[in-house]
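Asker: Handing you a structure now.
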Amino acid sequence: MPESFFVLSKDQLQIATDEIIAIAKTFDRFSKIKVISNLVIVQSKTNWHEISKKATFVKTSGQILRKMSGLFLDEGNFEILKNAKTFVCRIINLSSNQFDIPELENSMGDMISKFSNAKVKLENPDITVYLIFTNKENFFGFSKKTKEKKRPKKAISQPHELDWKLTRAMINLIGLKKGETVCDPFCGTGTTLLEAESMGIHGIGLDFDEKMVEITKKNLKENGYKSKVIHSDFQEIKNMADEFDGIVTDFPYGKNTKTSENPEEIIKRFVTIVPKRKKMAIMYKKEFGDKLKLKGLKKYQIYRHKSLTRTILIK
């Protein structure tokens with residue numbers, strides 16, 4: 001079974017790692033995973049690019065051809081360049097060893113040039129060849145040229161809106177698949193709906209603030225998206241259990257909310273009405289969750305500043 005590699009940003013590394021694992025398992029529940037620091041190796045029938053284009057925190061990804069005990073390569077390693085016109089070599093050093101990376105990349109490029117008709121091209125080549133060094137194992141792999149991810153656009157933004165990276169990761173962490181539907185009962189400017197639709201997932205948004213509903217509709221229209229947006233209190237989800245597969249939301253707090261109701265009370269009421277057996281990723285102010293003793297499959301702490309830590313709870 002093919003092996004793929006994903007080098008992750010160290011920003012929110014635990015979320016990034018769990019996100020890759022969740023995406024891989026969503027595509028192929030028999031996927032096997034190995035984690036080495038910020039490198040994730042996935043053995044799966046799913047192509048590396050299908051996983052990577054859904055993920056949030058991937059810096060570099062591709063397919064592994066083989067493990068290596070040293071730096072020795074031969075002509076058989078470069079079959080991948082058979083139909084390529086251009087290539088570039090890249091060294092990814094995740095080990096504690098020191099290497100002259102430019103020298104290694106140049107040497108590998110010279111070696112490949114002897115075995116293939118492909119020419120070195122530093123920008124946007126057909127094939128990128130990788131040597132990945134870790135303290136445990138070394139890997140030889142490659143990636144092919146792919147289209148850059150197209151980010152959803154917003155016609156209108158707000159200063160306290162939900163961060164798109166964390167939103168996207170939350171959608172992936174609960175394992176929503178293409179064609180399924182996510183509900184955000186506090187949709188704000190529509191970040192959850194935009195990220196979901198960019199991955200082929202349908203969206204339903206609710207907000208008690210009519211202004212926010214109109215902003216979300218404009219942001220959806222900006223991208224040609226079709227998610228449903230409803231001007232309603234969050235309690236409407238009690239009547240919508242058959243319309244969605246999971247919930248992803250950021251509970252309002254402080255300047256983020258116009259309601260006079262205590263945010264802690266909103267969370268307390270919300271968790272009592274969530275339809276059973278629905279996947280859920282919710283974000284809230286840590287102190288609220290601690291008081292309410294909220295439990296789930298996993299929790300992640302997002303430190304904002306000394307007086308604010310947000311919690312993501314996966315249920």
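Just so we're on the same page: first chain in the structure tokens is A, next is B, and so on; residues restart at 1 for each chain, and ligands are numbered from 1 in the order they show up.
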For stretch 120-133 of chain A, please output as a count of residues only all residues within 6 Å (counting only C-alpha atoms; exclusion window: fewer than 2 positions along the same chain).
Answerer: 19
Asker: Can you tell me, as a PyMOL selection string, which residues in stretch 72-216 of chain A count as strand (DSSP E or B) by DSSP?
Answerer: chain A and resi 86-93+119-120+127-133+138-144+181-184+202-207
Asker: What parts of stretch 66-133 of chain A does DSSP call alpha helix (DSSP H)? I'd like the answer as an MDAnalysis selection string.
Answerer: chainID A and resid 101:115
Asker: Using only C-alpha atoms, what does the table of stretch 70-164 of chain A residues within 12 Å of stretch 168-182 of chain A look like, with each row giving the shortest atom pair and its distance in Å to one decimal, sorted by chain and ascending number, as JSON lines?
Answerer:
```
{"residue": "A:Arg151", "atom": "CA", "partner": "A:Arg168", "partner_atom": "CA", "distance": 11.4}
{"residue": "A:Pro152", "atom": "CA", "partner": "A:Arg168", "partner_atom": "CA", "distance": 11.5}
{"residue": "A:Leu162", "atom": "CA", "partner": "A:Arg168", "partner_atom": "CA", "distance": 10.2}
{"residue": "A:Asp163", "atom": "CA", "partner": "A:Arg168", "partner_atom": "CA", "distance": 8.7}
{"residue": "A:Trp164", "atom": "CA", "partner": "A:Arg168", "partner_atom": "CA", "distance": 6.0}
```
Asker: Just write the chosen residues, all heavy atoms, as a short mmCIF file (atom, residue, chain, number, x, y, z; two decimals), in the first residue's frame.
Answerer:
```cif
data_model
loop_
_atom_site.label_atom_id
_atom_site.label_comp_id
_atom_site.auth_asym_id
_atom_site.auth_seq_id
_atom_site.Cartn_x
_atom_site.Cartn_y
_atom_site.Cartn_z
N ARG A 151 -8.41 29.82 -1.83
CA ARG A 151 -9.00 30.20 -0.56
C ARG A 151 -10.34 30.90 -0.77
O ARG A 151 -10.47 31.72 -1.67
CB ARG A 151 -8.07 31.16 0.19
CG ARG A 151 -6.76 30.57 0.63
CD ARG A 151 -6.86 29.75 1.90
NE ARG A 151 -7.75 30.36 2.87
CZ ARG A 151 -8.79 29.72 3.39
NH1 ARG A 151 -9.05 28.48 3.05
NH2 ARG A 151 -9.57 30.32 4.25
N PRO A 152 -11.35 30.59 0.06
CA PRO A 152 -12.60 31.35 0.00
C PRO A 152 -12.35 32.82 0.32
O PRO A 152 -11.49 33.15 1.13
CB PRO A 152 -13.46 30.70 1.10
CG PRO A 152 -12.87 29.35 1.31
CD PRO A 152 -11.41 29.50 1.05
N LEU A 162 -14.26 33.89 13.76
CA LEU A 162 -13.57 32.62 13.96
C LEU A 162 -12.41 32.47 12.98
O LEU A 162 -12.55 32.73 11.79
CB LEU A 162 -14.58 31.47 13.76
CG LEU A 162 -14.12 30.03 14.00
CD1 LEU A 162 -13.53 29.87 15.38
CD2 LEU A 162 -15.30 29.09 13.82
N ASP A 163 -11.25 32.09 13.49
CA ASP A 163 -10.05 31.90 12.66
C ASP A 163 -10.28 30.79 11.64
O ASP A 163 -10.70 29.68 12.00
CB ASP A 163 -8.87 31.55 13.57
CG ASP A 163 -7.61 31.24 12.79
OD1 ASP A 163 -6.97 32.19 12.31
OD2 ASP A 163 -7.29 30.05 12.65
N TRP A 164 -10.00 31.06 10.37
CA TRP A 164 -10.32 30.09 9.31
C TRP A 164 -9.52 28.79 9.45
O TRP A 164 -10.03 27.70 9.15
CB TRP A 164 -10.13 30.69 7.92
CG TRP A 164 -8.71 30.87 7.46
CD1 TRP A 164 -7.94 31.99 7.55
CD2 TRP A 164 -7.88 29.88 6.82
NE1 TRP A 164 -6.70 31.77 7.02
CE2 TRP A 164 -6.63 30.49 6.56
CE3 TRP A 164 -8.07 28.56 6.44
CZ2 TRP A 164 -5.58 29.81 5.94
CZ3 TRP A 164 -7.03 27.87 5.83
CH2 TRP A 164 -5.80 28.51 5.58
#
```
